[in-house]
file protein26.pdb (PDB, C-alpha atoms)
ATOM      1  CA  MET J 508       8.767  -5.648 -15.330
ATOM      2  CA  ASN J 509       5.610  -7.764 -15.293
ATOM      3  CA  LEU J 510       4.430  -7.463 -11.701
ATOM      4  CA  LYS J 511       1.121  -9.189 -12.487
ATOM      5  CA  SER J 512       2.986 -12.428 -13.113
ATOM      6  CA  ILE J 513       4.480 -12.172  -9.609
ATOM      7  CA  ILE J 514       1.463 -11.029  -7.563
ATOM      8  CA  LYS J 515      -0.474 -14.168  -6.613
ATOM      9  CA  GLU J 516      -4.260 -14.472  -6.543
ATOM     10  CA  TYR J 517      -6.258 -16.265  -3.859
ATOM     11  CA  ALA J 518     -10.006 -16.755  -4.282
ATOM     12  CA  ASP J 519     -12.286 -16.288  -1.248
ATOM     13  CA  PHE J 520      -9.645 -14.737   1.031
ATOM     14  CA  PRO J 521     -10.020 -13.362   3.643
ATOM     15  CA  LYS J 522     -13.775 -13.811   2.979
ATOM     16  CA  LYS J 523     -15.906 -15.612   0.421
ATOM     17  CA  GLY J 524     -16.267 -13.543  -2.745
ATOM     18  CA  ILE J 525     -12.993 -11.645  -2.280
ATOM     19  CA  LEU J 526     -10.167 -12.266  -4.753
ATOM     20  CA  PHE J 527      -7.052 -11.484  -2.705
ATOM     21  CA  ARG J 528      -3.980 -10.093  -4.511
ATOM     22  CA  ASP J 529      -0.905 -11.160  -2.575
ATOM     23  CA  ILE J 530       2.192  -8.986  -2.854
ATOM     24  CA  SER J 531       4.310 -11.361  -0.716
ATOM     25  CA  PRO J 532       6.213 -12.866  -3.692
ATOM     26  CA  LEU J 533       7.038  -9.354  -4.893
ATOM     27  CA  LEU J 534       8.675  -8.547  -1.538
ATOM     28  CA  ARG J 535      10.517 -11.829  -1.315
ATOM     29  CA  ASP J 536      12.433 -11.094  -4.523
ATOM     30  CA  ILE J 537      14.730  -8.111  -4.004
ATOM     31  CA  ASN J 538      14.576  -7.289  -7.722
ATOM     32  CA  THR J 539      10.821  -6.750  -7.780
ATOM     33  CA  PHE J 540      10.814  -5.119  -4.347
ATOM     34  CA  ARG J 541      13.503  -2.667  -5.446
ATOM     35  CA  TYR J 542      11.725  -2.055  -8.759
ATOM     36  CA  VAL J 543       8.554  -0.950  -6.936
ATOM     37  CA  ILE J 544      10.461   1.439  -4.673
ATOM     38  CA  ASP J 545      12.460   2.819  -7.619
ATOM     39  CA  ARG J 546       9.268   3.500  -9.599
ATOM     40  CA  PHE J 547       7.682   5.284  -6.628
ATOM     41  CA  TYR J 548      10.878   7.249  -6.151
ATOM     42  CA  GLU J 549      11.051   8.312  -9.803
ATOM     43  CA  GLU J 550       7.430   9.455  -9.637
ATOM     44  CA  TYR J 551       7.894  11.617  -6.552
ATOM     45  CA  LYS J 552      11.573  12.577  -6.337
ATOM     46  CA  ASP J 553      11.050  15.979  -7.962
ATOM     47  CA  LYS J 554       7.856  16.746  -6.060
ATOM     48  CA  SER J 555       7.886  18.728  -2.861
ATOM     49  CA  ILE J 556       7.475  16.125  -0.087
ATOM     50  CA  ASP J 557       8.140  16.643   3.627
ATOM     51  CA  ILE J 558       6.953  13.354   5.069
ATOM     52  CA  VAL J 559       5.869   9.887   3.937
ATOM     53  CA  VAL J 560       2.804   8.336   5.580
ATOM     54  CA  GLY J 561       2.408   4.559   5.614
ATOM     55  CA  ILE J 562      -0.977   2.926   6.173
ATOM     56  CA  GLU J 563      -1.034  -0.111   8.488
ATOM     57  CA  SER J 564       0.202  -2.640   7.912
ATOM     58  CA  ARG J 565       1.555  -3.555   4.471
ATOM     59  CA  GLY J 566       1.694   0.142   3.643
ATOM     60  CA  PHE J 567       4.417   0.414   6.291
ATOM     61  CA  ILE J 568       6.711  -1.720   4.128
ATOM     62  CA  PHE J 569       6.611   0.467   1.039
ATOM     63  CA  ALA J 570       6.397   3.737   2.970
ATOM     64  CA  ALA J 571       9.496   2.934   5.051
ATOM     65  CA  ALA J 572      11.619   1.952   2.066
ATOM     66  CA  LEU J 573      10.452   4.955   0.041
ATOM     67  CA  ALA J 574      10.920   7.415   2.920
ATOM     68  CA  LEU J 575      14.576   6.418   3.281
ATOM     69  CA  LYS J 576      15.105   6.706  -0.456
ATOM     70  CA  LEU J 577      13.441  10.142  -0.566
ATOM     71  CA  ASN J 578      15.427  11.083   2.548
ATOM     72  CA  LYS J 579      12.259  11.997   4.432
ATOM     73  CA  GLY J 580      10.791  10.849   7.727
ATOM     74  CA  MET J 581       7.910   8.429   8.032
ATOM     75  CA  VAL J 582       4.617   8.611   9.933
ATOM     76  CA  MET J 583       2.238   5.742  10.696
ATOM     77  CA  VAL J 584      -1.522   5.796  10.154
ATOM     78  CA  ARG J 585      -2.713   2.894  12.298
ATOM     79  CA  LYS J 586      -5.834   0.979  13.234
ATOM     80  CA  GLN J 587      -7.719   2.222  16.278
ATOM     81  CA  GLY J 588      -6.054   1.861  19.667
ATOM     82  CA  LYS J 589      -2.521   1.208  18.440
ATOM     83  CA  LEU J 590      -1.003   4.694  18.725
ATOM     84  CA  PRO J 591      -0.318   6.249  22.153
ATOM     85  CA  GLY J 592      -0.733   9.875  23.129
ATOM     86  CA  ASP J 593      -2.844  12.561  21.506
ATOM     87  CA  THR J 594      -4.428  11.097  18.361
ATOM     88  CA  SER J 595      -7.046  11.984  15.751
ATOM     89  CA  SER J 596      -9.297   9.244  14.400
ATOM     90  CA  LYS J 597     -11.492   8.749  11.351
ATOM     91  CA  SER J 598     -14.044   6.002  10.672
ATOM     92  CA  TYR J 599     -14.805   4.830   7.132
ATOM     93  CA  ASP J 600     -16.018   1.907   5.032
ATOM     94  CA  ILE J 601     -13.553  -0.664   3.751
ATOM     95  CA  GLU J 602     -13.787  -3.466   1.233
ATOM     96  CA  TYR J 603     -15.004  -5.947   3.834
ATOM     97  CA  GLY J 604     -16.697  -3.964   6.635
ATOM     98  CA  ASN J 605     -15.725  -0.746   8.373
ATOM     99  CA  ALA J 606     -12.789   0.483  10.384
ATOM    100  CA  THR J 607     -11.235   3.408  12.212
ATOM    101  CA  MET J 608      -7.771   4.764  11.462
ATOM    102  CA  GLU J 609      -5.707   7.010  13.728
ATOM    103  CA  ILE J 610      -2.742   9.337  13.533
ATOM    104  CA  GLN J 611      -0.739  11.073  16.247
ATOM    105  CA  ARG J 612      -1.639  14.750  16.162
ATOM    106  CA  ALA J 613       1.973  15.858  16.659
ATOM    107  CA  SER J 614       3.145  13.829  13.663
ATOM    108  CA  ILE J 615       1.866  16.281  11.027
ATOM    109  CA  LYS J 616       2.846  19.924  11.123
ATOM    110  CA  LYS J 617       0.970  22.749   9.436
ATOM    111  CA  ASN J 618       1.691  22.884   5.692
ATOM    112  CA  ASP J 619       3.639  19.596   5.723
ATOM    113  CA  LYS J 620       3.515  18.119   2.226
ATOM    114  CA  VAL J 621       2.592  14.487   2.708
ATOM    115  CA  LEU J 622       2.952  11.476   0.425
ATOM    116  CA  ILE J 623       0.573   8.645   1.425
ATOM    117  CA  VAL J 624       1.659   5.064   0.653
ATOM    118  CA  ASP J 625      -0.223   1.777   0.780
ATOM    119  CA  ASP J 626       0.160  -1.579  -0.899
ATOM    120  CA  LEU J 627      -3.307  -1.569  -2.450
ATOM    121  CA  ILE J 628      -6.277   0.663  -3.196
ATOM    122  CA  ALA J 629      -9.673  -1.040  -3.237
ATOM    123  CA  THR J 630     -12.725   1.108  -2.452
ATOM    124  CA  GLY J 631     -10.457   4.000  -1.460
ATOM    125  CA  GLY J 632     -11.998   4.395   1.993
ATOM    126  CA  THR J 633      -8.768   3.868   3.883
ATOM    127  CA  ALA J 634      -6.819   6.218   1.632
ATOM    128  CA  LYS J 635      -9.439   8.950   1.872
ATOM    129  CA  ALA J 636      -9.562   8.614   5.670
ATOM    130  CA  ALA J 637      -5.776   8.996   5.810
ATOM    131  CA  ALA J 638      -5.961  12.140   3.649
ATOM    132  CA  GLU J 639      -8.675  13.621   5.868
ATOM    133  CA  LEU J 640      -6.669  12.914   9.014
ATOM    134  CA  ILE J 641      -3.670  14.695   7.518
ATOM    135  CA  GLU J 642      -5.647  17.670   6.235
ATOM    136  CA  ALA J 643      -7.431  18.109   9.569
ATOM    137  CA  LEU J 644      -3.975  18.595  11.129
ATOM    138  CA  GLY J 645      -3.053  21.270   8.570
ATOM    139  CA  GLY J 646      -1.024  19.027   6.265
ATOM    140  CA  GLU J 647      -1.277  18.995   2.477
ATOM    141  CA  VAL J 648      -1.602  15.713   0.601
ATOM    142  CA  ALA J 649       1.076  15.823  -2.105
ATOM    143  CA  GLY J 650      -0.003  12.489  -3.561
ATOM    144  CA  PHE J 651      -0.638   8.785  -3.162
ATOM    145  CA  ALA J 652       1.432   5.765  -4.167
ATOM    146  CA  PHE J 653      -0.076   2.273  -4.412
ATOM    147  CA  VAL J 654       1.424  -0.945  -5.696
ATOM    148  CA  VAL J 655      -1.943  -2.429  -6.707
ATOM    149  CA  GLU J 656      -5.143  -0.686  -7.846
ATOM    150  CA  LEU J 657      -8.373  -2.680  -8.007
ATOM    151  CA  SER J 658      -9.860  -0.397 -10.630
ATOM    152  CA  GLU J 659     -13.285  -2.087 -10.675
ATOM    153  CA  LEU J 660     -13.880  -0.859  -7.130
ATOM    154  CA  ARG J 661     -13.286   2.718  -8.305
ATOM    155  CA  GLY J 662     -11.301   3.800  -5.264
ATOM    156  CA  ILE J 663      -9.631   6.398  -7.448
ATOM    157  CA  ASP J 664     -12.956   8.269  -7.605
ATOM    158  CA  MET J 665     -12.647   8.953  -3.871
ATOM    159  CA  LEU J 666      -9.270  10.632  -4.472
ATOM    160  CA  LYS J 667     -10.177  12.889  -7.421
ATOM    161  CA  ARG J 668      -8.636  15.953  -5.812
ATOM    162  CA  TYR J 669      -5.233  14.293  -5.524
ATOM    163  CA  LYS J 670      -2.338  13.013  -7.566
ATOM    164  CA  VAL J 671      -2.500   9.203  -7.507
ATOM    165  CA  PHE J 672       0.194   6.832  -8.765
ATOM    166  CA  SER J 673      -0.412   3.086  -8.930
ATOM    167  CA  LEU J 674       1.838   0.482 -10.507
ATOM    168  CA  VAL J 675      -0.485  -2.433 -11.303
ATOM    169  CA  ARG J 676      -4.161  -2.195 -12.271
ATOM    170  CA  TYR J 677      -6.717  -5.023 -12.175
TER     171      TYR J 677
ATOM    172  CA  MET U 625      23.055   9.292  18.813
ATOM    173  CA  ASN U 626      20.880   9.348  21.946
ATOM    174  CA  LEU U 627      17.806   7.404  20.847
ATOM    175  CA  LYS U 628      16.415   7.325  24.390
ATOM    176  CA  SER U 629      15.867  11.062  24.246
ATOM    177  CA  ILE U 630      13.739  10.569  21.105
ATOM    178  CA  ILE U 631      11.715   7.476  22.028
ATOM    179  CA  LYS U 632       8.684   8.697  23.989
ATOM    180  CA  GLU U 633       7.197   6.966  27.031
ATOM    181  CA  TYR U 634       3.481   6.572  27.705
ATOM    182  CA  ALA U 635       2.297   5.147  31.016
ATOM    183  CA  ASP U 636      -0.626   2.691  31.045
ATOM    184  CA  PHE U 637      -0.723   2.120  27.275
ATOM    185  CA  PRO U 638      -2.199   0.036  25.743
ATOM    186  CA  LYS U 639      -3.198  -1.348  29.186
ATOM    187  CA  LYS U 640      -2.834  -0.246  32.796
ATOM    188  CA  GLY U 641       0.619  -1.112  34.145
ATOM    189  CA  ILE U 642       2.335  -1.081  30.761
ATOM    190  CA  LEU U 643       4.921   1.609  30.034
ATOM    191  CA  PHE U 644       4.776   1.983  26.253
ATOM    192  CA  ARG U 645       7.956   2.993  24.389
ATOM    193  CA  ASP U 646       6.926   4.862  21.245
ATOM    194  CA  ILE U 647       9.309   4.780  18.304
ATOM    195  CA  SER U 648       7.120   7.146  16.213
ATOM    196  CA  PRO U 649       9.341  10.228  16.777
ATOM    197  CA  LEU U 650      12.377   8.200  15.715
ATOM    198  CA  LEU U 651      10.688   7.380  12.379
ATOM    199  CA  ARG U 652       9.457  10.882  11.789
ATOM    200  CA  ASP U 653      12.999  12.285  11.783
ATOM    201  CA  ILE U 654      14.921  10.899   8.803
ATOM    202  CA  ASN U 655      18.214  11.306  10.667
ATOM    203  CA  THR U 656      17.261   8.962  13.497
ATOM    204  CA  PHE U 657      15.405   6.591  11.148
ATOM    205  CA  ARG U 658      18.451   6.340   8.885
ATOM    206  CA  TYR U 659      20.758   5.958  11.886
ATOM    207  CA  VAL U 660      18.831   2.872  13.068
ATOM    208  CA  ILE U 661      18.927   1.258   9.624
ATOM    209  CA  ASP U 662      22.624   2.080   9.211
ATOM    210  CA  ARG U 663      23.449   0.494  12.574
ATOM    211  CA  PHE U 664      21.489  -2.656  11.691
ATOM    212  CA  TYR U 665      23.219  -2.727   8.316
ATOM    213  CA  GLU U 666      26.708  -2.386   9.820
ATOM    214  CA  GLU U 667      25.948  -5.220  12.238
ATOM    215  CA  TYR U 668      24.782  -7.651   9.560
ATOM    216  CA  LYS U 669      26.355  -6.575   6.258
ATOM    217  CA  ASP U 670      29.217  -9.078   6.497
ATOM    218  CA  LYS U 671      27.034 -11.927   7.769
ATOM    219  CA  SER U 672      25.549 -14.460   5.412
ATOM    220  CA  ILE U 673      21.888 -13.425   5.051
ATOM    221  CA  ASP U 674      19.450 -14.630   2.373
ATOM    222  CA  ILE U 675      16.220 -13.050   3.525
ATOM    223  CA  VAL U 676      14.951 -10.480   6.038
ATOM    224  CA  VAL U 677      11.818 -11.324   8.026
ATOM    225  CA  GLY U 678       9.706  -8.509   9.461
ATOM    226  CA  ILE U 679       7.276  -9.115  12.318
ATOM    227  CA  GLU U 680       3.863  -7.436  12.042
ATOM    228  CA  SER U 681       3.436  -4.592  12.144
ATOM    229  CA  ARG U 682       6.142  -2.117  13.225
ATOM    230  CA  GLY U 683       8.744  -4.745  12.437
ATOM    231  CA  PHE U 684       7.724  -4.357   8.786
ATOM    232  CA  ILE U 685       9.105  -0.812   8.796
ATOM    233  CA  PHE U 686      12.636  -1.683   9.872
ATOM    234  CA  ALA U 687      12.718  -4.995   8.007
ATOM    235  CA  ALA U 688      11.719  -3.383   4.698
ATOM    236  CA  ALA U 689      14.270  -0.599   4.927
ATOM    237  CA  LEU U 690      17.027  -2.980   6.024
ATOM    238  CA  ALA U 691      16.195  -5.591   3.359
ATOM    239  CA  LEU U 692      16.634  -3.023   0.594
ATOM    240  CA  LYS U 693      19.905  -1.835   2.098
ATOM    241  CA  LEU U 694      21.196  -5.419   2.423
ATOM    242  CA  ASN U 695      19.906  -6.093  -1.098
ATOM    243  CA  LYS U 696      17.823  -9.034   0.108
ATOM    244  CA  GLY U 697      14.136  -9.874  -0.172
ATOM    245  CA  MET U 698      11.675  -9.515   2.684
ATOM    246  CA  VAL U 699       9.156 -11.930   4.184
ATOM    247  CA  MET U 700       6.268 -11.090   6.516
ATOM    248  CA  VAL U 701       5.435 -12.901   9.744
ATOM    249  CA  ARG U 702       1.856 -11.839  10.400
ATOM    250  CA  LYS U 703      -0.919 -12.199  12.919
ATOM    251  CA  GLN U 704      -3.294 -15.101  12.399
ATOM    252  CA  GLY U 705      -5.602 -14.974   9.385
ATOM    253  CA  LYS U 706      -3.779 -12.260   7.463
ATOM    254  CA  LEU U 707      -1.677 -14.352   5.064
ATOM    255  CA  PRO U 708      -3.337 -16.280   2.214
ATOM    256  CA  GLY U 709      -2.385 -19.704   0.909
ATOM    257  CA  ASP U 710      -0.450 -22.458   2.633
ATOM    258  CA  THR U 711       0.753 -21.148   6.009
ATOM    259  CA  SER U 712       2.362 -22.419   9.221
ATOM    260  CA  SER U 713       1.250 -20.968  12.536
ATOM    261  CA  LYS U 714       2.648 -20.785  16.052
ATOM    262  CA  SER U 715       0.904 -19.696  19.255
ATOM    263  CA  TYR U 716       2.840 -18.068  22.088
ATOM    264  CA  ASP U 717       2.580 -15.730  25.075
ATOM    265  CA  ILE U 718       3.095 -11.994  24.616
ATOM    266  CA  GLU U 719       3.571  -9.116  27.011
ATOM    267  CA  TYR U 720      -0.166  -8.544  27.348
ATOM    268  CA  GLY U 721      -1.905 -11.868  26.592
ATOM    269  CA  ASN U 722      -1.301 -14.448  23.894
ATOM    270  CA  ALA U 723      -1.287 -14.536  20.124
ATOM    271  CA  THR U 724      -0.689 -16.632  17.026
ATOM    272  CA  MET U 725       1.757 -15.699  14.267
ATOM    273  CA  GLU U 726       1.838 -17.113  10.741
ATOM    274  CA  ILE U 727       4.204 -17.396   7.818
ATOM    275  CA  GLN U 728       3.645 -18.580   4.256
ATOM    276  CA  ARG U 729       5.307 -21.962   3.909
ATOM    277  CA  ALA U 730       6.704 -21.135   0.463
ATOM    278  CA  SER U 731       8.421 -17.999   1.764
ATOM    279  CA  ILE U 732      11.331 -19.824   3.437
ATOM    280  CA  LYS U 733      13.452 -22.261   1.490
ATOM    281  CA  LYS U 734      15.600 -24.993   3.024
ATOM    282  CA  ASN U 735      18.866 -23.583   4.442
ATOM    283  CA  ASP U 736      17.811 -19.956   3.893
ATOM    284  CA  LYS U 737      19.759 -17.779   6.311
ATOM    285  CA  VAL U 738      17.182 -15.493   7.879
ATOM    286  CA  LEU U 739      17.539 -12.195   9.742
ATOM    287  CA  ILE U 740      14.481 -11.466  11.931
ATOM    288  CA  VAL U 741      13.612  -7.800  12.576
ATOM    289  CA  ASP U 742      11.173  -6.181  14.984
ATOM    290  CA  ASP U 743      10.904  -2.778  16.609
ATOM    291  CA  LEU U 744      10.959  -4.128  20.162
ATOM    292  CA  ILE U 745      11.674  -7.224  22.223
ATOM    293  CA  ALA U 746       9.688  -7.587  25.439
ATOM    294  CA  THR U 747       9.143 -11.128  26.758
ATOM    295  CA  GLY U 748      10.624 -12.567  23.562
ATOM    296  CA  GLY U 749       7.608 -14.747  22.812
ATOM    297  CA  THR U 750       6.938 -13.207  19.399
ATOM    298  CA  ALA U 751      10.578 -13.401  18.363
ATOM    299  CA  LYS U 752      10.903 -17.008  19.473
ATOM    300  CA  ALA U 753       7.705 -17.965  17.626
ATOM    301  CA  ALA U 754       9.078 -16.356  14.462
ATOM    302  CA  ALA U 755      12.332 -18.314  14.818
ATOM    303  CA  GLU U 756      10.438 -21.566  15.314
ATOM    304  CA  LEU U 757       8.271 -20.922  12.258
ATOM    305  CA  ILE U 758      11.389 -20.345  10.155
ATOM    306  CA  GLU U 759      13.259 -23.357  11.503
ATOM    307  CA  ALA U 760      10.272 -25.654  10.979
ATOM    308  CA  LEU U 761      10.461 -24.733   7.283
ATOM    309  CA  GLY U 762      14.163 -25.617   7.119
ATOM    310  CA  GLY U 763      15.507 -22.070   7.426
ATOM    311  CA  GLU U 764      18.380 -21.024   9.683
ATOM    312  CA  VAL U 765      18.056 -17.995  11.946
ATOM    313  CA  ALA U 766      21.146 -15.883  11.262
ATOM    314  CA  GLY U 767      20.194 -13.324  13.903
ATOM    315  CA  PHE U 768      17.754 -10.811  15.307
ATOM    316  CA  ALA U 769      17.678  -7.022  15.135
ATOM    317  CA  PHE U 770      15.564  -4.933  17.515
ATOM    318  CA  VAL U 771      15.423  -1.194  18.006
ATOM    319  CA  VAL U 772      14.316  -1.438  21.648
ATOM    320  CA  GLU U 773      15.011  -4.135  24.235
ATOM    321  CA  LEU U 774      13.033  -4.158  27.479
ATOM    322  CA  SER U 775      15.777  -5.976  29.381
ATOM    323  CA  GLU U 776      13.766  -6.361  32.606
ATOM    324  CA  LEU U 777      11.415  -8.732  30.783
ATOM    325  CA  ARG U 778      14.400 -10.940  29.871
ATOM    326  CA  GLY U 779      13.225 -11.704  26.340
ATOM    327  CA  ILE U 780      16.855 -12.254  25.407
ATOM    328  CA  ASP U 781      16.815 -15.419  27.530
ATOM    329  CA  MET U 782      14.330 -16.930  25.065
ATOM    330  CA  LEU U 783      16.823 -16.356  22.237
ATOM    331  CA  LYS U 784      19.983 -17.730  23.848
ATOM    332  CA  ARG U 785      20.810 -19.898  20.837
ATOM    333  CA  TYR U 786      20.901 -16.884  18.524
ATOM    334  CA  LYS U 787      22.827 -13.744  17.745
ATOM    335  CA  VAL U 788      20.761 -10.798  18.983
ATOM    336  CA  PHE U 789      21.416  -7.128  18.274
ATOM    337  CA  SER U 790      19.423  -4.387  19.959
ATOM    338  CA  LEU U 791      20.092  -0.663  19.834
ATOM    339  CA  VAL U 792      18.405   0.719  22.960
ATOM    340  CA  ARG U 793      18.053  -1.080  26.294
ATOM    341  CA  TYR U 794      15.665  -0.148  29.123
TER     342      TYR U 794
END
call {"tool": "encode", "arguments": {"input": "protein26.pdb", "output": "structure tokens"}}
result
Amino acid sequence: MNLKSIIKEYADFPKKGILFRDISPLLRDINTFRYVIDRFYEEYKDKSIDIVVGIESRGFIFAAALALKLNKGMVMVRKQGKLPGDTSSKSYDIEYGNATMEIQRASIKKNDKVLIVDDLIATGGTAKAAAELIEALGGEVAGFAFVVELSELRGIDMLKRYKVFSLVRY
Amino acid sequence: MNLKSIIKEYADFPKKGILFRDISPLLRDINTFRYVIDRFYEEYKDKSIDIVVGIESRGFIFAAALALKLNKGMVMVRKQGKLPGDTSSKSYDIEYGNATMEIQRASIKKNDKVLIVDDLIATGGTAKAAAELIEALGGEVAGFAFVVELSELRGIDMLKRYKVFSLVRY
């Protein structure tokens, strides 16, 4: 399936100089949406996974659908201040600025094997922060799944220690 | 299944005076997560639905999982400035302040029957704004699905014209 023909491009969004890849049309069509989840599932169904982590906010979409298909629970990694209770946080650089991500400390148990899901990998800062949050709680990162990889930004280089699966490369 | 025993309460989050209902533990356990999606599915499987709308950002989780199960596409209603291209926007009051939600105009086609999903209904402002965005594009709201309803805040009163299904009432 040619996902590139479905993902739309928007120049100068959300800021001048950024070429935004929009996965909205891919979600709107159940055939492409299901195809993405099926490909992720095929990639990870025989791996040992205890929990699926979704990165706010489009990562939630693919993580939730994949978690149900893998028959595993889901955990949210969210932007600062969104999660109640006892949380860990990690600051990092993103494509357009910097940010802080958080996770609830009770959500990852020691030796949990964790699959991290997001819609897109750009510089890799968000993904690496998520991995560090999980590892600091004693979890093991079993792999990453991304719909879109902006390979020019070399985010993959930040995740050299991990298994990374991405469906569409630009 | 007793979801109330799984949903955690946090006083004074995110602001003083707010009792936050946290659905994170419900997601983390695949049995409760699947139960919620199965209940939503049973409620709407025989209704005429063309598309499932998820409200940013926890609504994305339940909307995505339900869309796949209903075999329908998914559309995002997002906070202002997050969606590229030609969008419609609607401002409204929320539980702690006010906000603007947006939808891509091309995402709803005339006469589309739309199921709107969010994790929680409080004052109902967000849900009503989503319905108005959809109707302004010619779509029909086939119903709402919420995990949690804060009935004291009477959000349901804002949605009197619609079918509303919620799983847990406080």
call {"tool": "closest_atom_pairs", "arguments": {"input": "protein26.pdb", "of": "chain J", "to": "chain U", "cutoff": "10 Å", "atoms": "all atoms listed in the file", "output": "Markdown table"}}
result
| residue | atom | partner | partner_atom | distance |
| --- | --- | --- | --- | --- |
| J:Lys515 | CA | U:Pro708 | CA | 9.5 |
| J:Glu516 | CA | U:Pro708 | CA | 9.0 |
| J:Tyr517 | CA | U:Pro708 | CA | 6.7 |
| J:Ala518 | CA | U:Pro708 | CA | 9.3 |
| J:Asp519 | CA | U:Pro708 | CA | 9.6 |
| J:Phe520 | CA | U:Pro708 | CA | 6.6 |
| J:Pro521 | CA | U:Lys706 | CA | 7.4 |
| J:Phe527 | CA | U:Pro708 | CA | 7.8 |
| J:Arg528 | CA | U:Pro708 | CA | 9.2 |
| J:Asp529 | CA | U:Pro708 | CA | 7.4 |
| J:Ser531 | CA | U:Val699 | CA | 6.9 |
| J:Pro532 | CA | U:Ser731 | CA | 7.8 |
| J:Leu533 | CA | U:Gly697 | CA | 8.5 |
| J:Leu534 | CA | U:Met698 | CA | 5.3 |
| J:Arg535 | CA | U:Gly697 | CA | 4.3 |
| J:Asp536 | CA | U:Gly697 | CA | 4.8 |
| J:Ile537 | CA | U:Gly697 | CA | 4.3 |
| J:Asn538 | CA | U:Gly697 | CA | 8.0 |
| J:Thr539 | CA | U:Gly697 | CA | 8.9 |
| J:Phe540 | CA | U:Gly697 | CA | 7.1 |
| J:Arg541 | CA | U:Leu692 | CA | 6.8 |
| J:Ile544 | CA | U:Leu692 | CA | 9.3 |
| J:Ile558 | CA | U:Arg652 | CA | 7.6 |
| J:Val559 | CA | U:Arg652 | CA | 8.7 |
| J:Val560 | CA | U:Arg652 | CA | 9.4 |
| J:Gly561 | CA | U:Ile685 | CA | 9.2 |
| J:Glu563 | CA | U:Ser681 | CA | 7.3 |
| J:Ser564 | CA | U:Ser681 | CA | 5.7 |
| J:Arg565 | CA | U:Phe684 | CA | 7.6 |
| J:Gly566 | CA | U:Ile685 | CA | 9.1 |
| J:Phe567 | CA | U:Ile685 | CA | 5.5 |
| J:Ile568 | CA | U:Ala688 | CA | 5.3 |
| J:Phe569 | CA | U:Ala688 | CA | 7.4 |
| J:Ala570 | CA | U:Ile685 | CA | 7.9 |
| J:Ala571 | CA | U:Ile685 | CA | 5.3 |
| J:Ala572 | CA | U:Ala689 | CA | 4.7 |
| J:Leu573 | CA | U:Ala689 | CA | 8.3 |
| J:Ala574 | CA | U:Ile654 | CA | 7.9 |
| J:Leu575 | CA | U:Arg658 | CA | 6.8 |
| J:Lys576 | CA | U:Ala689 | CA | 9.1 |
| J:Leu577 | CA | U:Ile654 | CA | 9.5 |
| J:Asn578 | CA | U:Ile654 | CA | 6.3 |
| J:Lys579 | CA | U:Ile654 | CA | 5.2 |
| J:Gly580 | CA | U:Ile654 | CA | 4.3 |
| J:Met581 | CA | U:Arg652 | CA | 4.7 |
| J:Val582 | CA | U:Arg652 | CA | 5.7 |
| J:Met583 | CA | U:Ser648 | CA | 7.5 |
| J:Arg585 | CA | U:Ser681 | CA | 9.7 |
| J:Gly588 | CA | U:Pro638 | CA | 7.4 |
| J:Lys589 | CA | U:Pro638 | CA | 7.4 |
| J:Leu590 | CA | U:Asp646 | CA | 8.3 |
| J:Pro591 | CA | U:Phe637 | CA | 6.6 |
| J:Gly592 | CA | U:Tyr634 | CA | 7.0 |
| J:Gln611 | CA | U:Ser648 | CA | 8.8 |
| J:Ala613 | CA | U:Pro649 | CA | 9.3 |
| J:Ser614 | CA | U:Arg652 | CA | 7.2 |
| J:Ile615 | CA | U:Arg652 | CA | 9.3 |
call {"tool": "atom_distance", "arguments": {"input": "protein26.pdb", "atom1": "CA of Asp674 in chain U", "atom2": "CA of Val738 in chain U"}}
result
6.0 Å
call {"tool": "axis_aligned_box", "arguments": {"input": "protein26.pdb", "around": "range 702-713 of chain U", "padding_each_side": "8 Å", "output": "JSON"}}
result
{"center_x": -1.6, "center_y": -17.1, "center_z": 6.9, "size_x": 24.0, "size_y": 26.6, "size_z": 28.0}
call {"tool": "residues_around", "arguments": {"input": "protein26.pdb", "residues": "range 762-778 of chain U", "least_positions_apart": "5", "cutoff": "9 Å", "atoms": "all atoms listed in the file", "output": "VMD selection string"}}
result
chain U and resid 645 647 660 664 667 to 668 671 to 673 683 686 to 687 719 732 to 748 751 755 757 783 786 to 794
call {"tool": "residues_around", "arguments": {"input": "protein26.pdb", "residues": "Ala753 in chain U", "least_positions_apart": "4", "cutoff": "8 Å", "atoms": "all atoms listed in the file", "output": "ChimeraX atom specification"}}
result
/U:714-716,725,749,757
call {"tool": "atom_distance", "arguments": {"input": "protein26.pdb", "atom1": "CA of Glu756 in chain U", "atom2": "CA of Ala723 in chain U"}}
result
14.5 Å
call {"tool": "closest_residue", "arguments": {"input": "protein26.pdb", "among": "J:Ile562, J:Ile663, J:Ile610, J:Ile525", "to": "Ile641 in chain J", "atoms": "all atoms listed in the file"}}
result
J:Ile610
